[in-house]
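Participant: Here you go, entry-v3.txt (compact mmCIF, C-alpha atoms):
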# COMPACT_ATOMS: atom_id res chain seq x y z
CA MET A 1 85.39 191.73 240.88
CA ARG A 2 84.30 191.52 244.50
CA ASN A 3 81.01 190.15 243.26
CA VAL A 4 82.70 187.26 241.41
CA LYS A 5 84.73 186.40 244.49
CA SER A 6 81.65 186.22 246.67
CA ARG A 7 79.83 184.04 244.03
CA THR A 8 82.72 181.54 244.04
CA ALA A 9 82.60 181.33 247.77
CA ASP A 10 78.84 180.69 247.76
CA ALA A 11 79.06 177.93 245.09
CA THR A 12 80.60 175.39 247.49
CA PHE A 13 78.07 173.45 249.47
CA ASP A 14 77.66 170.10 251.23
CA LEU A 15 75.34 167.61 249.57
CA ASN A 16 72.86 166.31 252.10
CA LEU A 17 73.31 162.55 251.87
CA ALA A 18 71.18 161.71 254.88
CA PRO A 19 67.91 161.01 252.93
CA ILE A 20 69.80 158.78 250.45
CA LEU A 21 71.31 156.90 253.36
CA ASP A 22 67.83 156.54 254.90
CA ILE A 23 66.51 154.95 251.69
CA ILE A 24 69.47 152.60 251.32
CA VAL A 25 69.28 151.53 254.96
CA SER A 26 65.60 150.65 254.42
CA ILE A 27 66.27 148.66 251.23
CA VAL A 28 69.31 146.71 252.45
CA PRO A 29 67.50 144.63 255.15
CA LEU A 30 64.73 143.85 252.64
CA LEU A 31 67.25 142.60 250.09
CA LEU A 32 69.25 140.74 252.73
CA MET A 33 66.12 138.79 253.66
CA SER A 34 65.44 137.73 250.08
CA ILE A 35 69.03 137.03 249.09
CA ALA A 36 69.76 133.69 247.40
CA PHE A 37 73.37 132.67 247.74
CA VAL A 38 72.72 129.38 245.90
CA GLN A 39 71.04 129.72 242.53
CA VAL A 40 69.01 126.54 242.22
CA LYS A 41 68.35 125.39 238.66
CA MET A 42 66.64 122.38 237.19
CA ILE A 43 67.85 119.86 234.64
CA ASP A 44 65.57 120.21 231.70
CA THR A 45 65.65 121.65 228.18
CA SER A 46 66.42 125.31 227.78
CA VAL A 47 65.73 126.09 224.18
CA PRO A 48 63.57 128.61 222.32
CA GLN A 49 59.96 127.46 222.12
CA VAL A 50 59.93 126.87 218.32
CA VAL A 51 63.03 124.69 218.48
CA ALA A 52 61.76 122.95 221.63
CA GLU A 53 58.55 121.90 219.89
CA ALA A 54 60.44 120.71 216.79
CA VAL A 55 62.84 118.78 219.04
CA GLN A 56 59.89 117.06 220.71
CA ARG A 57 58.24 116.21 217.38
CA ALA A 58 61.48 114.90 215.84
CA ASN A 59 62.17 112.80 218.92
CA ASP A 60 58.66 111.33 218.93
CA LYS A 61 58.98 110.35 215.24
CA SER A 62 62.42 108.83 215.69
CA GLU A 63 62.81 105.08 215.70
CA THR A 64 66.31 105.30 217.15
CA THR A 65 67.07 104.98 220.84
CA VAL A 66 70.40 105.81 222.42
CA THR A 67 71.24 104.16 225.74
CA LEU A 68 74.32 105.01 227.75
CA ILE A 69 75.54 102.55 230.34
CA VAL A 70 77.58 104.38 232.99
CA SER A 71 80.05 102.35 235.02
CA LYS A 72 82.63 103.63 237.48
CA GLY A 73 85.16 100.93 236.65
CA LYS A 74 84.53 100.29 232.94
CA GLY A 75 83.62 103.75 231.70
CA PHE A 76 80.80 104.37 229.22
CA THR A 77 79.07 102.12 226.69
CA PHE A 78 76.66 103.44 224.06
CA GLU A 79 73.93 101.13 222.84
CA VAL A 80 72.16 102.44 219.74
CA MET A 81 69.02 100.74 218.44
CA LYS A 82 67.79 101.69 214.96
CA ALA A 83 64.31 100.53 214.02
CA GLY A 84 64.45 97.79 216.65
CA LYS A 85 67.85 96.50 215.51
CA LYS A 86 70.92 96.72 217.72
CA THR A 87 74.03 98.32 216.27
CA PRO A 88 77.50 97.40 217.60
CA LEU A 89 78.22 98.73 221.09
CA ILE A 90 80.48 101.78 221.32
CA SER A 91 82.73 101.86 224.37
CA VAL A 92 84.45 104.84 225.92
CA PRO A 93 87.02 103.29 228.30
CA ASN A 94 88.39 105.10 231.33
CA LYS A 95 91.49 107.25 231.01
CA GLY A 96 93.54 105.96 233.89
CA ALA A 97 91.28 105.83 236.91
CA ASP A 98 88.92 108.57 235.70
CA TRP A 99 86.26 108.87 233.06
CA ASP A 100 87.29 110.24 229.68
CA MET A 101 84.71 113.02 229.42
CA ASP A 102 86.08 114.56 226.20
CA ALA A 103 85.94 111.18 224.45
CA LEU A 104 82.39 110.70 225.76
CA GLN A 105 81.31 114.00 224.24
CA ALA A 106 83.09 113.23 220.97
CA VAL A 107 81.43 109.79 220.65
CA ALA A 108 78.04 111.27 221.59
CA PHE A 109 78.50 113.92 218.89
CA GLY A 110 79.30 111.19 216.33
CA ILE A 111 76.06 109.37 217.22
CA LYS A 112 74.18 112.66 217.07
CA GLN A 113 75.49 113.37 213.57
CA GLN A 114 74.25 109.96 212.42
CA SER A 115 70.84 110.34 214.10
CA PRO A 116 70.19 114.08 214.36
CA GLU A 117 66.48 113.58 215.13
CA VAL A 118 67.25 111.89 218.47
CA PHE A 119 67.31 114.22 221.46
CA ARG A 120 66.78 111.73 224.26
CA VAL A 121 69.38 109.56 225.92
CA ASP A 122 68.45 106.66 228.17
CA LEU A 123 70.88 106.58 231.07
CA ALA A 124 71.56 103.27 232.75
CA PRO A 125 74.02 103.99 235.57
CA GLU A 126 75.42 101.31 237.81
CA ALA A 127 74.39 101.34 241.48
CA ASP A 128 77.60 102.86 242.85
CA VAL A 129 77.72 105.90 240.54
CA ASN A 130 76.97 109.04 242.55
CA LEU A 131 74.62 111.84 241.57
CA ASN A 132 77.31 114.44 241.02
CA ASP A 133 79.06 112.25 238.43
CA LEU A 134 75.72 111.63 236.71
CA VAL A 135 75.04 115.36 236.46
CA VAL A 136 78.51 115.89 234.95
CA VAL A 137 77.68 113.23 232.33
CA MET A 138 74.30 114.88 231.61
CA ASP A 139 76.04 118.26 231.18
CA LYS A 140 78.49 116.75 228.70
CA LEU A 141 75.68 115.15 226.69
CA ARG A 142 73.47 118.25 226.65
CA ARG A 143 75.44 120.33 224.15
CA SER A 144 77.85 119.54 221.33
CA PRO A 145 81.60 120.17 221.72
CA ASP A 146 82.62 123.74 220.76
CA ALA A 147 78.92 124.54 220.20
CA LYS A 148 78.97 122.85 216.77
CA LYS A 149 75.54 122.83 215.18
CA VAL A 150 73.72 119.79 213.85
CA ALA A 151 70.83 120.12 211.39
CA PHE A 152 67.60 118.14 211.79
CA VAL A 153 64.29 118.16 209.96
CA ASP A 154 61.13 119.27 211.76
CA PRO A 155 58.57 116.54 210.86
CA ALA A 156 55.65 119.00 211.08
CA SER A 157 56.92 121.69 208.71
CA GLY A 158 59.64 119.80 206.82
CA SER A 159 62.00 122.69 207.43
CA LYS A 160 65.64 122.25 208.39
CA LEU A 161 66.63 123.55 211.82
CA GLU A 162 70.06 123.78 213.37
CA THR A 163 70.85 123.36 217.02
CA GLU A 164 73.86 122.78 219.24
CA LEU A 165 71.79 120.56 221.51
CA MET A 166 72.71 116.88 221.47
CA PHE A 167 70.78 114.95 224.11
CA PRO A 168 69.01 117.41 226.44
CA ASN A 169 66.31 114.92 227.44
CA VAL A 170 67.46 112.35 229.96
CA LEU A 171 65.57 109.28 231.02
CA PHE A 172 66.75 106.80 233.64
CA SER A 173 66.02 103.60 231.79
CA ASN A 174 66.95 101.20 234.58
CA VAL A 175 64.73 102.65 237.31
CA VAL A 176 62.21 99.84 236.82
CA SER A 177 64.45 97.02 235.64
CA ASN A 178 66.78 97.31 238.65
CA MET B 1 85.19 172.88 293.68
CA GLY B 2 82.54 175.01 292.02
CA ARG B 3 81.72 175.91 288.47
CA ASN B 4 84.18 178.80 288.61
CA GLY B 5 87.14 176.46 289.16
CA GLY B 6 89.62 175.26 286.48
CA MET B 7 87.23 172.71 285.00
CA GLY B 8 84.41 175.22 284.88
CA ARG B 9 86.54 177.79 283.09
CA TYR B 10 87.59 175.16 280.55
CA MET B 11 83.96 174.21 279.93
CA ASP B 12 82.99 177.83 279.39
CA ARG B 13 85.88 178.54 277.02
CA ARG B 14 85.60 175.50 274.76
CA THR B 15 83.87 175.80 271.37
CA PRO B 16 80.25 174.68 271.03
CA SER B 17 80.01 170.88 270.59
CA SER B 18 78.12 170.77 267.29
CA PHE B 19 79.80 168.76 264.52
CA LYS B 20 78.95 167.04 261.25
CA ILE B 21 79.37 163.32 260.67
CA GLN B 22 81.08 162.51 257.38
CA ILE B 23 78.67 160.00 255.83
CA THR B 24 80.02 160.08 252.26
CA SER B 25 82.17 156.97 252.72
CA MET B 26 79.29 155.20 254.43
CA VAL B 27 77.00 155.97 251.49
CA ASP B 28 79.71 154.65 249.14
CA MET B 29 79.84 151.40 251.07
CA PHE B 30 76.07 151.03 251.11
CA VAL B 31 75.79 151.66 247.37
CA ILE B 32 78.29 148.85 246.70
CA LEU B 33 76.35 146.58 249.05
CA LEU B 34 73.09 147.54 247.36
CA VAL B 35 74.41 146.65 243.89
CA PHE B 36 75.67 143.28 245.16
CA LEU B 37 72.35 142.49 246.83
CA LEU B 38 70.34 143.52 243.77
CA LYS B 39 72.51 141.22 241.63
CA THR B 40 71.86 138.24 243.89
CA TYR B 41 68.17 139.03 244.32
CA SER B 42 66.14 136.01 243.31
CA THR B 43 63.16 136.74 241.07
CA SER B 44 62.16 133.10 240.78
CA PRO B 45 58.67 132.43 242.20
CA VAL B 46 59.86 129.04 243.48
CA ASN B 47 61.60 129.15 246.81
CA ILE B 48 64.05 126.28 247.22
CA THR B 49 66.16 126.10 250.32
CA PRO B 50 68.42 123.08 250.41
CA LYS B 51 68.61 121.36 253.79
CA GLU B 52 71.51 122.17 256.06
CA GLY B 53 74.53 120.09 255.13
CA MET B 54 73.05 119.08 251.77
CA ARG B 55 75.18 119.85 248.73
CA LEU B 56 73.39 119.89 245.41
CA PRO B 57 75.32 118.80 242.30
CA GLU B 58 76.54 121.66 240.11
CA SER B 59 75.28 121.86 236.56
CA THR B 60 75.40 124.10 233.52
CA SER B 61 71.63 123.78 233.12
CA LEU B 62 69.81 127.11 232.87
CA ALA B 63 66.25 125.92 233.41
CA GLU B 64 64.40 127.63 236.24
CA PRO B 65 62.85 125.26 238.79
CA ILE B 66 59.10 124.81 238.71
CA ASP B 67 56.64 124.85 241.57
CA VAL B 68 55.79 121.19 242.09
CA VAL B 69 55.99 118.67 244.93
CA LYS B 70 59.46 118.82 246.47
CA LEU B 71 61.24 115.63 247.33
CA MET B 72 64.45 115.89 249.32
CA VAL B 73 67.01 113.15 249.72
CA SER B 74 69.78 114.12 252.11
CA ARG B 75 72.40 111.92 253.72
CA ASP B 76 70.24 111.49 256.82
CA GLY B 77 66.76 111.07 255.43
CA VAL B 78 64.10 111.33 252.74
CA PHE B 79 61.70 114.26 253.02
CA VAL B 80 58.50 115.15 251.18
CA GLU B 81 57.90 118.91 251.48
CA ASP B 82 59.89 119.10 254.75
CA VAL B 83 58.14 116.05 256.24
CA LYS B 84 60.66 113.35 257.05
CA VAL B 85 59.37 110.03 255.83
CA MET B 86 62.46 107.84 256.05
CA ASP B 87 65.81 107.75 257.79
CA LEU B 88 69.03 107.22 255.90
CA ASP B 89 72.27 106.12 257.48
CA LYS B 90 75.02 108.34 256.03
CA GLY B 91 73.46 108.19 252.60
CA HIS B 92 72.57 104.51 252.71
CA LEU B 93 69.21 102.88 253.24
CA ARG B 94 68.84 101.06 256.51
CA VAL B 95 68.44 97.30 256.51
CA GLY B 96 64.80 96.43 256.04
CA ALA B 97 63.89 99.90 254.70
CA ALA B 98 62.82 98.49 251.35
CA ASP B 99 59.74 96.34 250.92
CA ALA B 100 60.27 92.61 251.48
CA ASN B 101 58.62 91.69 248.17
CA ASP B 102 60.09 94.49 246.06
CA ALA B 103 63.67 95.58 246.83
CA SER B 104 63.17 98.97 245.14
CA PHE B 105 59.92 99.88 246.86
CA LEU B 106 60.05 102.24 249.86
CA ARG B 107 56.71 101.97 251.64
CA PRO B 108 56.81 105.11 253.88
CA LEU B 109 57.77 107.31 250.92
CA PHE B 110 55.05 105.77 248.78
CA ASP B 111 52.39 106.36 251.47
CA GLU B 112 53.27 110.07 251.76
CA LEU B 113 53.45 110.66 248.01
CA ASP B 114 50.30 108.64 247.39
CA LYS B 115 48.44 110.75 249.95
CA ARG B 116 49.55 113.93 248.17
CA ALA B 117 48.70 112.51 244.75
CA LYS B 118 45.18 111.65 245.92
CA ILE B 119 44.66 115.15 247.31
CA ALA B 120 45.94 116.69 244.06
CA LYS B 121 43.67 114.46 241.99
CA ASP B 122 40.67 115.35 244.17
CA ILE B 123 41.43 119.06 243.72
CA SER B 124 41.77 118.66 239.95
CA LYS B 125 38.28 117.09 239.83
CA VAL B 126 36.62 120.20 241.26
CA ASN B 127 39.03 122.84 239.95
CA ASP B 128 39.44 122.99 236.17
CA SER B 129 42.44 125.29 236.37
CA PHE B 130 44.43 122.70 238.35
CA GLU B 131 45.72 119.52 236.77
CA PHE B 132 47.68 116.70 238.37
CA ASP B 133 50.73 116.28 236.14
CA GLY B 134 52.83 113.90 238.25
CA LYS B 135 55.82 116.22 238.39
CA VAL B 136 58.20 116.14 241.32
CA LEU B 137 61.35 118.19 241.96
CA MET B 138 64.01 116.05 243.58
CA GLN B 139 66.76 117.71 245.59
CA ALA B 140 69.38 115.12 246.33
CA ASP B 141 72.81 115.29 247.89
CA ARG B 142 75.58 115.16 245.30
CA ASP B 143 77.36 112.25 247.03
CA LEU B 144 74.37 109.93 247.10
CA ALA B 145 74.76 106.73 245.12
CA TYR B 146 72.43 105.99 242.22
CA ASP B 147 71.30 102.89 244.11
CA VAL B 148 69.38 105.07 246.63
CA LEU B 149 68.12 107.52 244.00
CA GLN B 150 66.84 104.68 241.82
CA LYS B 151 64.72 103.37 244.70
CA VAL B 152 63.37 106.85 245.45
CA MET B 153 62.52 107.45 241.77
CA TYR B 154 60.94 104.02 241.43
CA THR B 155 58.72 104.58 244.49
CA SER B 156 57.82 108.06 243.30
CA MET B 157 56.84 106.64 239.92
CA MET B 158 54.66 104.01 241.62
CA ALA B 159 52.87 106.79 243.52
CA GLY B 160 52.06 108.58 240.26
CA TYR B 161 54.94 111.04 240.20
CA ALA B 162 56.74 109.75 237.11
CA ASP B 163 58.13 113.07 235.87
CA VAL B 164 61.14 113.57 238.13
CA LYS B 165 63.08 116.84 237.79
CA LEU B 166 66.50 117.13 239.33
CA ALA B 167 67.37 120.25 241.31
CA VAL B 168 70.94 121.39 240.75
CA ALA B 169 73.07 124.33 241.78
CA GLY B 170 73.87 126.75 238.97
CA LYS B 171 77.55 127.06 238.04
Using the file provided, produce a representation of the structure as structure tokens.

Facilitator:
Amino acid sequence: MRNVKSRTADATFDLNLAPILDIIVSIVPLLLMSIAFVQVKMIDTSVPQVVAEAVQRANDKSETTVTLIVSKGKGFTFEVMKAGKKTPLISVPNKGADWDMDALQAVAFGIKQQSPEVFRVDLAPEADVNLNDLVVVMDKLRRSPDAKKVAFVDPASGSKLETELMFPNVLFSNVVSN
Amino acid sequence: MGRNGGMGRYMDRRTPSSFKIQITSMVDMFVILLVFLLKTYSTSPVNITPKEGMRLPESTSLAEPIDVVKLMVSRDGVFVEDVKVMDLDKGHLRVGAADANDASFLRPLFDELDKRAKIAKDISKVNDSFEFDGKVLMQADRDLAYDVLQKVMYTSMMAGYADVKLAVAGK
């Protein structure tokens, strides 16, 4: 019995944390030097390679162009050209003093459903629109509302692919004409 | 008063001054700090540091930036790889900054980009693994008007950098 008592007493010990602390103290300055508080990203496509290639092929084959005129005062106007012919303009007027972003996404999705092979939108902003607003518009046009999927045909394989991407490729169409 | 006085007796009687520092809570704190730092550790090979006072627009884009020529447009100037080529006045171009014959053409920016494009093309002639692809990563302040950005993009296109990528802050 005395033996058990002495074993219990011996089983308590202090864990030596000093070496762990040494390691952590060495790592922390290293990590602090390479810390990135702002995660910088880039506006481009972010899709799996197979879909990305099909998107590119479908877009190259397409004879439809979608242009979006962005105005601070008037809102948005979609200009869709199919095989060189203009279709009626689609306007998304402002809601009060602000842009109606939900309506913009809904109209863009409607155009996407009619021309699923088009993945590029030509942006034509007015001079006073600021960059932040343009990026918000690009974000809205990138993916469909509620991640609804739209099917398109890959011209190379003829297979049907589904994607939630609407217009991930953006081109500033009025850079030269301005 | 000697060592045998009151103070001396106290010093002799007191217990030896060895003690243990409790570092458990300190280790706890460091472990939390370590996890936070590891989470924010950037593994991207491209190092982008926005200029002081510049606010990039926020986007849901997930694409990682690529290592190409960096063009910076802040509210006080236009920079090519940290070299200031033009002054801006609170986000607006100064009078006479654009070319007299072409209102969208910014001569100092063109000269700097053209110089870099020529060097890149010369390198690509002797080095097969390097190809001039005309890509440029533009970091621009979120409050800048499209009017200024259009002129910068137009000039960059004229210098051979037609593929402009926009740097944004991840949401």

Participant: How far is it from CA of Val175 in chain A to CA of Gln150 in chain B, in Å with one decimal?

Facilitator: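 According to the coordinates, CA of Val175 in chain A and CA of Gln150 in chain B are separated by 5.4 Å.
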
Participant: State, in Å with one decimal place, the distance from CA of Pro50 in chain B to CA of Ala140 in chain B.

Facilitator: 9.0 Å

Participant: Using all atoms listed in the file, find which residues of chain A lie within 10 Å of chain B and jot them down as a ChimeraX atom specification.

Facilitator: /A:15-18,20-22,24-25,27-47,124-140,142,168,171-172,174-178

Participant: Report the distance between CA of Arg143 in chain A and CA of Leu165 in chain A in Å, rounded to one decimal place.

Facilitator: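 Separation between CA of Arg143 in chain A and CA of Leu165 in chain A: 4.5 Å.
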
Participant: From the set A:Lys86, A:Lys95, A:Lys112, A:Lys72, which residue has the shortest atom-to-atom contact distance to Ser144 in chain A, counting all atoms listed in the file?

Facilitator: A:Lys112

Participant: Which residue, B:Asp102, B:Ser156, B:Lys135, B:Val69, has the smallest gap to Glu81 in chain B when you use only C-alpha atoms?

Facilitator: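 Checking each candidate against Glu81 in chain B, we get B:Val69 as the closest.
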
Participant: Let me know the centre plus edge lengths, in Å and rounded to one decimal, of a box with edges along x, y and z that contains all listed atoms of range 93-110 of chain A and is padded by 8 Å on every side, as AutoDock Vina command-line options.

Facilitator:
--center_x 85.8 --center_y 108.9 --center_z 226.6 --size_x 31.5 --size_y 27.3 --size_z 36.6

Participant: Can you list, as an MDAnalysis selection string, every protein, DNA or RNA residue that comes within 7 Å of range 160-163 of chain A when you count only C-alpha atoms, leaving out same-chain residues fewer than 2 positions away?

Facilitator: chainID A and resid 149:154 158 165
